[in-house]
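File shown: my_file.json (JSON, C-alpha atoms).
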[["chain", "number", "residue", "atom", "x", "y", "z"],
["A", 1201, "MET", "CA", -19.21, -22.62, 0.65],
["A", 1202, "ILE", "CA", -15.54, -22.49, -0.35],
["A", 1203, "ASP", "CA", -16.18, -25.45, -2.73],
["A", 1204, "ASN", "CA", -18.20, -23.14, -4.98],
["A", 1205, "TYR", "CA", -15.64, -20.32, -4.92],
["A", 1206, "LYS", "CA", -13.18, -19.52, -7.72],
["A", 1207, "CYS", "CA", -9.82, -17.82, -7.27],
["A", 1208, "GLN", "CA", -9.86, -14.15, -8.29],
["A", 1209, "ILE", "CA", -6.55, -14.62, -10.09],
["A", 1210, "CYS", "CA", -6.49, -18.06, -11.79],
["A", 1211, "ASP", "CA", -10.12, -19.31, -11.52],
["A", 1212, "ASN", "CA", -8.93, -22.40, -9.64],
["A", 1213, "SER", "CA", -11.28, -24.07, -7.14],
["A", 1214, "SER", "CA", -8.73, -25.90, -4.97],
["A", 1215, "PHE", "CA", -7.70, -24.15, -1.74],
["A", 1216, "SER", "CA", -5.91, -24.80, 1.53],
["A", 1217, "TYR", "CA", -7.17, -23.46, 4.84],
["A", 1218, "LEU", "CA", -4.49, -21.40, 6.62],
["A", 1219, "HIS", "CA", -5.81, -19.95, 9.87],
["A", 1220, "LYS", "CA", -8.30, -17.67, 11.56],
["A", 1221, "GLY", "CA", -7.28, -14.04, 11.75],
["A", 1222, "VAL", "CA", -8.25, -11.02, 13.79],
["A", 1223, "ASP", "CA", -7.67, -7.27, 13.58],
["A", 1224, "ARG", "CA", -4.31, -6.87, 15.32],
["A", 1225, "LEU", "CA", -3.79, -3.23, 14.29],
["A", 1226, "TYR", "CA", -6.84, -1.59, 15.88],
["A", 1227, "GLY", "CA", -8.28, -4.48, 17.87],
["A", 1228, "VAL", "CA", -11.80, -4.31, 16.44],
["A", 1229, "GLU", "CA", -13.70, -7.49, 17.30],
["A", 1230, "GLY", "CA", -14.26, -10.20, 14.71],
["A", 1231, "ALA", "CA", -12.57, -13.33, 13.35],
["A", 1232, "PHE", "CA", -12.00, -14.27, 9.71],
["A", 1233, "ASP", "CA", -10.96, -17.44, 7.88],
["A", 1234, "PHE", "CA", -7.89, -17.27, 5.66],
["A", 1235, "TYR", "CA", -7.30, -19.54, 2.64],
["A", 1236, "ARG", "CA", -4.60, -19.96, -0.02],
["A", 1237, "CYS", "CA", -5.10, -20.92, -3.66],
["A", 1238, "ASN", "CA", -3.28, -24.19, -4.38],
["A", 1239, "ILE", "CA", -2.32, -23.03, -7.89],
["A", 1240, "CYS", "CA", -1.33, -19.33, -7.86],
["A", 1241, "ARG", "CA", -0.86, -19.07, -4.05],
["A", 1242, "LEU", "CA", -3.19, -16.08, -3.64],
["A", 1243, "ILE", "CA", -4.10, -15.65, 0.03],
["A", 1244, "PHE", "CA", -7.63, -14.41, 0.74],
["A", 1245, "ILE", "CA", -10.41, -14.05, 3.30],
["A", 1246, "PHE", "CA", -13.49, -16.23, 2.82],
["A", 1247, "PRO", "CA", -16.28, -15.45, 2.98],
["A", 1248, "THR", "CA", -15.42, -11.98, 1.71],
["A", 1249, "PRO", "CA", -16.84, -9.36, 4.10],
["A", 1250, "GLY", "CA", -19.03, -6.71, 2.47],
["A", 1251, "GLU", "CA", -18.39, -2.96, 2.45],
["A", 1252, "ASP", "CA", -20.87, -2.30, 5.27],
["A", 1253, "ALA", "CA", -19.28, -4.96, 7.48],
["A", 1254, "LEU", "CA", -15.81, -3.52, 6.87],
["A", 1255, "LYS", "CA", -16.64, 0.10, 7.72],
["A", 1256, "LYS", "CA", -15.93, -0.35, 11.43],
["A", 1257, "TYR", "CA", -12.40, -1.56, 10.60],
["A", 1258, "TYR", "CA", -11.52, 1.81, 9.04],
["A", 1259, "PRO", "CA", -11.58, 4.23, 12.00],
["A", 1260, "ASP", "CA", -11.20, 7.99, 11.61],
["A", 1261, "ASP", "CA", -7.55, 7.70, 12.63],
["A", 1262, "TYR", "CA", -6.81, 4.98, 10.04],
["A", 1263, "TYR", "CA", -3.20, 5.65, 9.09],
["A", 1264, "SER", "CA", -3.70, 6.31, 5.37],
["A", 1265, "TYR", "CA", -6.19, 9.06, 6.23],
["A", 1266, "ILE", "CA", -3.64, 11.07, 8.25],
["A", 1267, "THR", "CA", -0.37, 10.77, 6.30],
["A", 1268, "ALA", "CA", -0.12, 14.17, 4.62],
["A", 1269, "GLU", "CA", 0.96, 16.21, 7.63],
["A", 1270, "LYS", "CA", 4.30, 17.64, 6.54],
["A", 1271, "THR", "CA", 7.35, 17.56, 8.75],
["A", 1272, "GLU", "CA", 9.45, 20.61, 9.29],
["A", 1273, "ALA", "CA", 12.03, 19.22, 6.85],
["A", 1274, "GLU", "CA", 9.54, 18.33, 4.10],
["A", 1275, "GLY", "CA", 7.84, 21.70, 4.02],
["A", 1276, "GLY", "CA", 10.68, 24.09, 4.69],
["A", 1277, "SER", "CA", 13.32, 25.96, 2.76],
["A", 1278, "LEU", "CA", 16.79, 24.57, 2.08],
["A", 1279, "ARG", "CA", 18.08, 26.34, 5.21],
["A", 1280, "GLN", "CA", 15.25, 24.95, 7.33],
["A", 1281, "LYS", "CA", 15.94, 21.45, 6.00],
["A", 1282, "ALA", "CA", 19.64, 21.79, 6.84],
["A", 1283, "ILE", "CA", 18.80, 22.87, 10.39],
["A", 1284, "PHE", "CA", 16.25, 20.07, 10.76],
["A", 1285, "TYR", "CA", 18.67, 17.35, 9.65],
["A", 1286, "PHE", "CA", 21.46, 18.81, 11.79],
["A", 1287, "ARG", "CA", 19.18, 18.37, 14.80],
["A", 1288, "HIS", "CA", 18.13, 14.87, 13.68],
["A", 1289, "PRO", "CA", 21.29, 13.16, 12.36],
["A", 1290, "PHE", "CA", 19.84, 9.62, 12.34],
["A", 1291, "LYS", "CA", 16.89, 10.83, 10.28],
["A", 1292, "PHE", "CA", 19.33, 12.37, 7.82],
["A", 1293, "LEU", "CA", 21.34, 9.14, 7.62],
["A", 1294, "ASN", "CA", 18.20, 7.10, 7.00],
["A", 1295, "CYS", "CA", 16.97, 9.56, 4.39],
["A", 1296, "VAL", "CA", 20.21, 9.13, 2.47],
["A", 1297, "LEU", "CA", 20.42, 5.40, 3.10],
["A", 1298, "TYR", "CA", 16.87, 4.39, 2.17],
["A", 1299, "SER", "CA", 16.15, 6.89, -0.61],
["A", 1300, "LYS", "CA", 19.59, 7.05, -2.22],
["A", 1301, "LEU", "CA", 21.57, 3.89, -1.46],
["A", 1302, "LEU", "CA", 18.61, 1.48, -1.16],
["A", 1303, "ASN", "CA", 16.65, 3.50, -3.77],
["A", 1304, "GLN", "CA", 13.38, 3.21, -1.85],
["A", 1305, "LYS", "CA", 11.69, 6.19, -3.46],
["A", 1306, "ASP", "CA", 9.23, 6.84, -6.27],
["A", 1307, "ILE", "CA", 11.23, 6.12, -9.44],
["A", 1308, "LEU", "CA", 8.75, 7.69, -11.88],
["A", 1309, "GLU", "CA", 9.40, 11.06, -13.47],
["A", 1310, "TYR", "CA", 6.84, 13.83, -13.08],
["A", 1311, "LYS", "CA", 6.58, 17.14, -14.90],
["A", 1312, "LYS", "CA", 4.24, 20.06, -15.41],
["A", 1313, "GLY", "CA", 1.00, 19.23, -17.18],
["A", 1314, "LEU", "CA", 0.88, 15.49, -16.48],
["A", 1315, "ASN", "CA", -2.55, 14.22, -15.46],
["A", 1316, "VAL", "CA", -2.06, 12.09, -12.34],
["A", 1317, "LEU", "CA", -4.70, 9.91, -10.65],
["A", 1318, "ASP", "CA", -4.30, 8.38, -7.19],
["A", 1319, "VAL", "CA", -6.81, 5.61, -6.43],
["A", 1320, "GLY", "CA", -7.26, 5.34, -2.66],
["A", 1321, "CYS", "CA", -5.51, 8.65, -2.09],
["A", 1322, "GLY", "CA", -6.36, 9.08, 1.62],
["A", 1323, "ASP", "CA", -5.60, 12.65, 2.61],
["A", 1324, "GLY", "CA", -3.35, 13.13, -0.39],
["A", 1325, "LYS", "CA", 0.30, 12.77, 0.57],
["A", 1326, "TYR", "CA", 1.20, 11.40, -2.87],
["A", 1327, "LEU", "CA", -0.83, 13.97, -4.83],
["A", 1328, "LEU", "CA", 0.39, 16.95, -2.81],
["A", 1329, "ASP", "CA", 3.94, 15.90, -3.60],
["A", 1330, "LYS", "CA", 3.18, 15.64, -7.35],
["A", 1331, "ARG", "CA", 1.59, 19.10, -7.31],
["A", 1332, "ARG", "CA", 5.08, 20.46, -6.59],
["A", 1333, "TYR", "CA", 6.05, 19.29, -10.08],
["A", 1334, "GLY", "CA", 3.09, 21.10, -11.64],
["A", 1335, "CYS", "CA", 1.00, 17.97, -12.25],
["A", 1336, "ASP", "CA", -2.79, 18.13, -12.57],
["A", 1337, "CYS", "CA", -4.03, 15.79, -9.85],
["A", 1338, "PHE", "CA", -7.18, 13.78, -9.16],
["A", 1339, "GLY", "CA", -7.78, 11.70, -6.02],
["A", 1340, "ILE", "CA", -10.37, 9.01, -5.30],
["A", 1341, "ASP", "CA", -11.11, 7.62, -1.84],
["A", 1342, "ILE", "CA", -14.03, 6.28, 0.19],
["A", 1343, "ASP", "CA", -13.39, 8.58, 3.17],
["A", 1344, "GLU", "CA", -14.84, 12.08, 2.86],
["A", 1345, "LYS", "CA", -12.99, 13.44, 5.91],
["A", 1346, "ALA", "CA", -9.63, 12.51, 4.38],
["A", 1347, "LEU", "CA", -10.62, 14.08, 1.06],
["A", 1348, "SER", "CA", -11.73, 17.25, 2.86],
["A", 1349, "ARG", "CA", -8.31, 17.56, 4.49],
["A", 1350, "LEU", "CA", -6.71, 17.12, 1.06],
["A", 1351, "ARG", "CA", -8.84, 19.91, -0.47],
["A", 1352, "GLU", "CA", -8.01, 22.19, 2.47],
["A", 1353, "LYS", "CA", -4.30, 21.78, 1.67],
["A", 1354, "ASP", "CA", -4.72, 22.27, -2.09],
["A", 1355, "ASN", "CA", -8.13, 23.09, -3.53],
["A", 1356, "ASP", "CA", -6.83, 22.59, -7.08],
["A", 1357, "VAL", "CA", -6.69, 18.83, -6.50],
["A", 1358, "LYS", "CA", -9.92, 17.31, -7.82],
["A", 1359, "THR", "CA", -11.47, 14.58, -5.70],
["A", 1360, "TYR", "CA", -14.24, 11.99, -5.79],
["A", 1361, "ARG", "CA", -15.66, 9.97, -2.89],
["A", 1362, "GLY", "CA", -16.51, 6.42, -3.88],
["A", 1363, "ASN", "CA", -15.33, 3.76, -6.30],
["A", 1364, "LEU", "CA", -13.41, 4.46, -9.49],
["A", 1365, "TRP", "CA", -16.10, 2.99, -11.76],
["A", 1366, "GLU", "CA", -18.64, 5.40, -10.27],
["A", 1367, "ALA", "CA", -16.53, 8.54, -10.76],
["A", 1368, "GLY", "CA", -17.59, 9.21, -14.38],
["A", 1369, "LEU", "CA", -14.04, 9.80, -15.60],
["A", 1370, "THR", "CA", -13.65, 10.07, -19.36],
["A", 1371, "GLY", "CA", -11.63, 7.54, -21.34],
["A", 1372, "GLU", "CA", -7.87, 7.86, -21.82],
["A", 1373, "SER", "CA", -7.47, 10.88, -19.54],
["A", 1374, "PHE", "CA", -4.46, 10.10, -17.35],
["A", 1375, "ASP", "CA", -0.71, 9.90, -17.89],
["A", 1376, "VAL", "CA", 0.10, 8.31, -14.51],
["A", 1377, "VAL", "CA", -2.13, 6.26, -12.19],
["A", 1378, "ASN", "CA", -1.02, 5.33, -8.68],
["A", 1379, "ILE", "CA", -2.53, 2.38, -6.76],
["A", 1380, "ASN", "CA", -0.43, 2.23, -3.61],
["A", 1381, "ASN", "CA", -1.51, -0.20, -0.87],
["A", 1382, "VAL", "CA", -5.04, -0.28, -2.26],
["A", 1383, "LEU", "CA", -5.46, -3.31, -4.55],
["A", 1384, "GLU", "CA", -5.42, -5.68, -1.57],
["A", 1385, "HIS", "CA", -8.45, -3.84, -0.09],
["A", 1386, "VAL", "CA", -10.62, -4.23, -3.20],
["A", 1387, "GLY", "CA", -13.09, -7.09, -3.56],
["A", 1388, "GLU", "CA", -12.71, -7.26, -7.36],
["A", 1389, "PRO", "CA", -9.07, -6.44, -8.21],
["A", 1390, "GLU", "CA", -9.39, -7.43, -11.87],
["A", 1391, "LYS", "CA", -12.38, -5.11, -12.30],
["A", 1392, "LEU", "CA", -10.44, -2.22, -10.75],
["A", 1393, "LEU", "CA", -7.46, -2.74, -13.07],
["A", 1394, "SER", "CA", -9.73, -2.98, -16.11],
["A", 1395, "GLU", "CA", -11.40, 0.30, -15.16],
["A", 1396, "VAL", "CA", -8.00, 1.93, -14.61],
["A", 1397, "LYS", "CA", -6.83, 0.80, -18.03],
["A", 1398, "LYS", "CA", -9.86, 2.44, -19.67],
["A", 1399, "ILE", "CA", -8.96, 5.89, -18.35],
["A", 1400, "MET", "CA", -5.21, 5.64, -19.06],
["A", 1401, "LYS", "CA", -3.81, 7.30, -22.16],
["A", 1402, "LYS", "CA", -1.95, 5.11, -24.62],
["A", 1403, "GLY", "CA", 1.58, 4.76, -23.26],
["A", 1404, "ALA", "CA", 0.46, 5.84, -19.77],
["A", 1405, "ILE", "CA", 2.08, 4.38, -16.65],
["A", 1406, "LEU", "CA", 0.41, 2.52, -13.78],
["A", 1407, "ARG", "CA", 2.20, 2.07, -10.45],
["A", 1408, "VAL", "CA", 0.94, -0.71, -8.18],
["A", 1409, "VAL", "CA", 2.31, -1.36, -4.68],
["A", 1410, "VAL", "CA", 1.04, -4.18, -2.42],
["A", 1411, "PRO", "CA", 2.30, -6.38, 0.44],
["A", 1412, "ASN", "CA", 4.27, -9.37, -0.85],
["A", 1413, "SER", "CA", 3.09, -12.72, 0.51],
["A", 1414, "ALA", "CA", 6.27, -14.36, -0.86],
["A", 1415, "SER", "CA", 8.48, -12.16, 1.34],
["A", 1416, "LEU", "CA", 10.92, -13.46, 3.92],
["A", 1417, "THR", "CA", 9.25, -11.32, 6.58],
["A", 1418, "HIS", "CA", 5.90, -13.03, 5.92],
["A", 1419, "TRP", "CA", 7.59, -16.42, 6.16],
["A", 1420, "LEU", "CA", 9.14, -15.44, 9.50],
["A", 1421, "PHE", "CA", 6.02, -14.01, 11.13],
["A", 1422, "ARG", "CA", 3.26, -16.03, 9.39],
["A", 1423, "LYS", "CA", -0.15, -14.99, 10.76],
["A", 1424, "TYR", "CA", 1.48, -12.25, 12.85],
["A", 1425, "TRP", "CA", 2.86, -10.45, 9.79],
["A", 1426, "MET", "CA", 1.48, -6.94, 9.54],
["A", 1427, "GLY", "CA", 1.18, -7.27, 5.76],
["A", 1428, "ILE", "CA", -1.93, -9.48, 5.94],
["A", 1429, "ASP", "CA", -3.73, -6.79, 8.02],
["A", 1430, "ILE", "CA", -6.94, -8.75, 8.59],
["A", 1431, "PRO", "CA", -9.69, -7.94, 7.62],
["A", 1432, "ARG", "CA", -8.84, -4.79, 5.65],
["A", 1433, "HIS", "CA", -6.63, -6.77, 3.27],
["A", 1434, "LEU", "CA", -9.05, -9.05, 1.49],
["A", 1435, "TYR", "CA", -6.18, -10.47, -0.58],
["A", 1436, "THR", "CA", -2.45, -10.90, -0.08],
["A", 1437, "PHE", "CA", -0.63, -11.05, -3.41],
["A", 1438, "SER", "CA", 2.76, -12.29, -4.57],
["A", 1439, "ILE", "CA", 4.92, -11.43, -7.57],
["A", 1440, "LYS", "CA", 3.83, -14.68, -9.24],
["A", 1441, "ASN", "CA", 0.07, -14.18, -9.04],
["A", 1442, "LEU", "CA", 0.29, -10.46, -9.79],
["A", 1443, "LYS", "CA", 2.01, -11.29, -13.07],
["A", 1444, "ILE", "CA", -0.96, -13.52, -13.93],
["A", 1445, "LEU", "CA", -3.41, -10.76, -13.02],
["A", 1446, "PHE", "CA", -1.60, -8.12, -15.09],
["A", 1447, "LYS", "CA", -1.50, -10.47, -18.07],
["A", 1448, "LYS", "CA", -5.28, -10.99, -17.79],
["A", 1449, "THR", "CA", -5.85, -7.24, -17.83],
["A", 1450, "ASP", "CA", -3.39, -6.76, -20.73],
["A", 1451, "LEU", "CA", -1.03, -4.44, -18.87],
["A", 1452, "THR", "CA", 2.66, -4.63, -19.81],
["A", 1453, "ILE", "CA", 5.17, -4.98, -16.99],
["A", 1454, "GLN", "CA", 7.99, -2.46, -17.35],
["A", 1455, "TYR", "CA", 9.74, -3.08, -14.06],
["A", 1456, "TYR", "CA", 9.20, -4.57, -10.62],
["A", 1457, "ARG", "CA", 11.07, -4.67, -7.33],
["A", 1458, "THR", "CA", 10.48, -5.42, -3.67],
["A", 1459, "ILE", "CA", 10.70, -2.82, -0.92],
["A", 1460, "GLU", "CA", 11.31, -3.86, 2.69],
["A", 1461, "ASN", "CA", 10.94, -1.38, 5.52],
["A", 1462, "SER", "CA", 11.41, -1.57, 9.27],
["A", 1463, "HIS", "CA", 7.78, -0.62, 9.92],
["A", 1464, "LEU", "CA", 6.35, -3.97, 8.75],
["A", 1465, "PHE", "CA", 8.96, -5.95, 10.67],
["A", 1466, "ILE", "CA", 8.74, -4.04, 13.94],
["A", 1467, "VAL", "CA", 4.93, -3.92, 14.06],
["A", 1468, "SER", "CA", 4.86, -7.68, 13.35],
["A", 1469, "THR", "CA", 7.22, -8.09, 16.29],
["A", 1470, "ILE", "CA", 4.77, -6.15, 18.48],
["A", 1471, "TYR", "CA", 2.01, -8.57, 17.42],
["A", 1472, "VAL", "CA", 4.18, -11.54, 18.47],
["A", 1473, "ILE", "CA", 4.95, -9.92, 21.84],
["A", 1474, "ASN", "CA", 1.23, -9.34, 22.43],
["A", 1475, "GLU", "CA", 0.38, -12.96, 21.61],
["A", 1476, "PHE", "CA", 3.10, -14.81, 23.49],
["A", 1477, "PHE", "CA", 3.68, -12.48, 26.42],
["A", 1478, "LYS", "CA", -0.01, -11.61, 26.91],
["A", 1479, "LYS", "CA", 0.58, -7.91, 26.39],
["A", 1480, "ASN", "CA", -1.83, -5.38, 24.95],
["A", 1481, "LEU", "CA", 0.52, -3.04, 23.11],
["A", 1482, "LYS", "CA", -1.37, -0.99, 20.53],
["A", 1483, "ALA", "CA", 0.81, -0.75, 17.44],
["A", 1484, "MET", "CA", -0.40, 2.69, 16.38],
["A", 1485, "GLU", "CA", 0.49, 4.03, 19.83],
["A", 1486, "CYS", "CA", 4.03, 2.61, 19.62],
["A", 1487, "SER", "CA", 5.36, 5.04, 17.01],
["A", 1488, "LYS", "CA", 8.41, 5.72, 19.18],
["A", 1489, "ILE", "CA", 9.36, 2.11, 18.48],
["A", 1490, "TRP", "CA", 8.42, 1.48, 14.85],
["A", 1491, "ASN", "CA", 9.35, 5.02, 13.80],
["A", 1492, "ASN", "CA", 12.63, 4.99, 15.72],
["A", 1493, "GLU", "CA", 15.42, 6.27, 13.44],
["A", 1494, "PHE", "CA", 18.14, 4.24, 15.17],
["A", 1495, "LEU", "CA", 16.18, 0.99, 14.70],
["A", 1496, "LYS", "CA", 15.65, 1.89, 11.04],
["A", 1497, "LEU", "CA", 19.39, 2.29, 10.68],
["A", 1498, "LEU", "CA", 20.05, -1.10, 12.29],
["A", 1499, "PHE", "CA", 17.41, -2.69, 10.05],
["A", 1500, "SER", "CA", 18.94, -1.47, 6.78],
["A", 1501, "PRO", "CA", 21.25, -4.50, 6.12],
["A", 1502, "TYR", "CA", 18.22, -6.84, 6.29],
["A", 1503, "ALA", "CA", 16.32, -4.54, 3.90],
["A", 1504, "PHE", "CA", 19.26, -4.52, 1.49],
["A", 1505, "ILE", "CA", 19.55, -8.32, 1.43],
["A", 1506, "VAL", "CA", 15.85, -9.19, 0.98],
["A", 1507, "ASN", "CA", 15.34, -6.52, -1.67],
["A", 1508, "ALA", "CA", 18.38, -7.75, -3.61],
["A", 1509, "LEU", "CA", 16.80, -11.23, -3.57],
["A", 1510, "LYS", "CA", 13.35, -9.80, -4.44],
["A", 1511, "ILE", "CA", 11.78, -11.20, -1.27],
["A", 1512, "GLY", "CA", 11.07, -7.88, 0.45],
["A", 1513, "GLY", "CA", 7.84, -7.14, 2.33],
["A", 1514, "MET", "CA", 6.27, -4.93, -0.37],
["A", 1515, "VAL", "CA", 6.31, -5.36, -4.14],
["A", 1516, "GLU", "CA", 6.10, -2.47, -6.60],
["A", 1517, "PHE", "CA", 5.14, -2.94, -10.26],
["A", 1518, "ILE", "CA", 5.49, -0.31, -12.98],
["A", 1519, "LEU", "CA", 3.09, -1.13, -15.81],
["A", 1520, "LYS", "CA", 2.32, 0.42, -19.18],
["A", 1521, "LYS", "CA", -0.75, 0.60, -21.39],
["A", 1522, "ASP", "CA", 0.39, -0.22, -24.93]]
Now, as a test, write the supplied structure out as structure tokens.
Amino acid sequence: MIDNYKCQICDNSSFSYLHKGVDRLYGVEGAFDFYRCNICRLIFIFPTPGEDALKKYYPDDYYSYITAEKTEAEGGSLRQKAIFYFRHPFKFLNCVLYSKLLNQKDILEYKKGLNVLDVGCGDGKYLLDKRRYGCDCFGIDIDEKALSRLREKDNDVKTYRGNLWEAGLTGESFDVVNINNVLEHVGEPEKLLSEVKKIMKKGAILRVVVPNSASLTHWLFRKYWMGIDIPRHLYTFSIKNLKILFKKTDLTIQYYRTIENSHLFIVSTIYVINEFFKKNLKAMECSKIWNNEFLKLLFSPYAFIVNALKIGGMVEFILKKD
């Protein structure tokens, strides 16, 4: 029972029931109860579904398993990029706007010889990008098909299928560790961070990105917000409770910011349309809507405002092992 449960962040035993939730992204059957800690405001599913029960909610076309396919612009020469952006002017404008003006890009510096680990790497979009800098890369994920696609693209990237604490990595091996949209999927987030800290070199950097439950977009959409992604997201964190968690694991916060993007907002809108207008739009089949460059351009003022106020849909922390 929930009365015997303790919060994964603050060990509190007082919770508020929020609502039942279902899988709105892929439509797999099942309903789950959502609660919120009355002290640190951590949002979580209870009872926590086990790994076997969750397998059906991670289909072969799960989006993080198929992200590394390069566009013509990403993989081409300077001339090819120029031609690509000339043909796609809105994409060019958004590239400049979001990466340069709104600074929504990876702010870490990478160089040849750095040992980089990506926990929950999917098919390796992040690691393949860091290989261009000459980094030595290691990826961990639970999906063997995604890891196979990563090795096909670059066989020099080392991989392991399973959990980090089972991988047999030696202590203080990595300069940079990336945990991007993964911590919320893990049943024991504190255990994962403790294991990560063990394999980080002294002075190494950890990057953590998760949905932000204290965002304006979550407040607007509530249970229809894509960021809660029931049941794959076992937890929905905020800046406040993440600070508590990082303090418990003795990781030093160097910097944090929020990152809002049109994808979360537009897909949440699709969920609302489905609910109130009795539609059956499948979000992953509506890429022409949520990946529309003109809509992204129109969305940019909202992204600028919420990020300036640190109430954007995602939160990114840069942490250091002292």
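Nearest-residue note for Asp1356 in chain A: choosing from A:Leu1328, A:Ala1508, A:Ile1473, A:Val1467, the minimum distance belongs to A:Leu1328, counting only C-alpha atoms.
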If you count all atoms listed in the file, which residues fall within 10 Å of Cys1486 in chain A, apart from same-chain ones fewer than 4 positions away, as an mmCIF file with C-alpha atoms, in the frame of the given file?
data_model
loop_
_atom_site.group_PDB
_atom_site.id
_atom_site.type_symbol
_atom_site.label_atom_id
_atom_site.label_comp_id
_atom_site.auth_asym_id
_atom_site.auth_seq_id
_atom_site.Cartn_x
_atom_site.Cartn_y
_atom_site.Cartn_z
ATOM 1 C CA ILE A 1466 8.740 -4.040 13.940
ATOM 2 C CA VAL A 1467 4.930 -3.920 14.060
ATOM 3 C CA ILE A 1470 4.770 -6.150 18.480
ATOM 4 C CA LEU A 1481 0.520 -3.040 23.110
ATOM 5 C CA LYS A 1482 -1.370 -0.990 20.530
ATOM 6 C CA TRP A 1490 8.420 1.480 14.850
ATOM 7 C CA ASN A 1491 9.350 5.020 13.800
ATOM 8 C CA ASN A 1492 12.630 4.990 15.720
#
* Interatomic distance, CA of Ile1340 in chain A to CA of Gly1324 in chain A (Å, one decimal) ->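 So the answer is 9.5 Å.
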Write out as a tab-separated table a residue-level contact list of range 1420-1512 of chain A versus range 1293-1302 of chain A with cut-off 10 Å: for each qualifying residue the closest pair of atoms and the distance in Å to one decimal, counting all atoms listed in the file, rows sorted by chain and residue number upward.
residue	atom	partner	partner_atom	distance
A:Ile1459	CA	A:Leu1302	CA	9.0
A:Glu1460	CA	A:Leu1302	CA	9.8
A:Asn1461	CA	A:Tyr1298	CA	8.9
A:Glu1493	CA	A:Asn1294	CA	7.1
A:Phe1494	CA	A:Asn1294	CA	8.7
A:Lys1496	CA	A:Asn1294	CA	7.1
A:Leu1497	CA	A:Asn1294	CA	6.2
A:Leu1498	CA	A:Asn1294	CA	9.9
A:Ser1500	CA	A:Tyr1298	CA	7.7
A:Pro1501	CA	A:Leu1302	CA	9.8
A:Ala1503	CA	A:Leu1302	CA	8.2
A:Phe1504	CA	A:Leu1302	CA	6.6
A:Asn1507	CA	A:Leu1302	CA	8.7
A:Ala1508	CA	A:Leu1302	CA	9.6
* Go through A:Lys1345, A:Lys1521, A:His1385, A:Arg1331 one by one, measure the shortest atom-to-atom distance of each to Ile1399 in chain A using all atoms listed in the file, and give the residue with the smallest value. =>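 Checking each candidate against Ile1399 in chain A, we get A:Lys1521 as the closest.
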* Atomic separation - CA of Gly1362 in chain A relative to CA of Tyr1226 in chain A, Å -> 23.4 Å
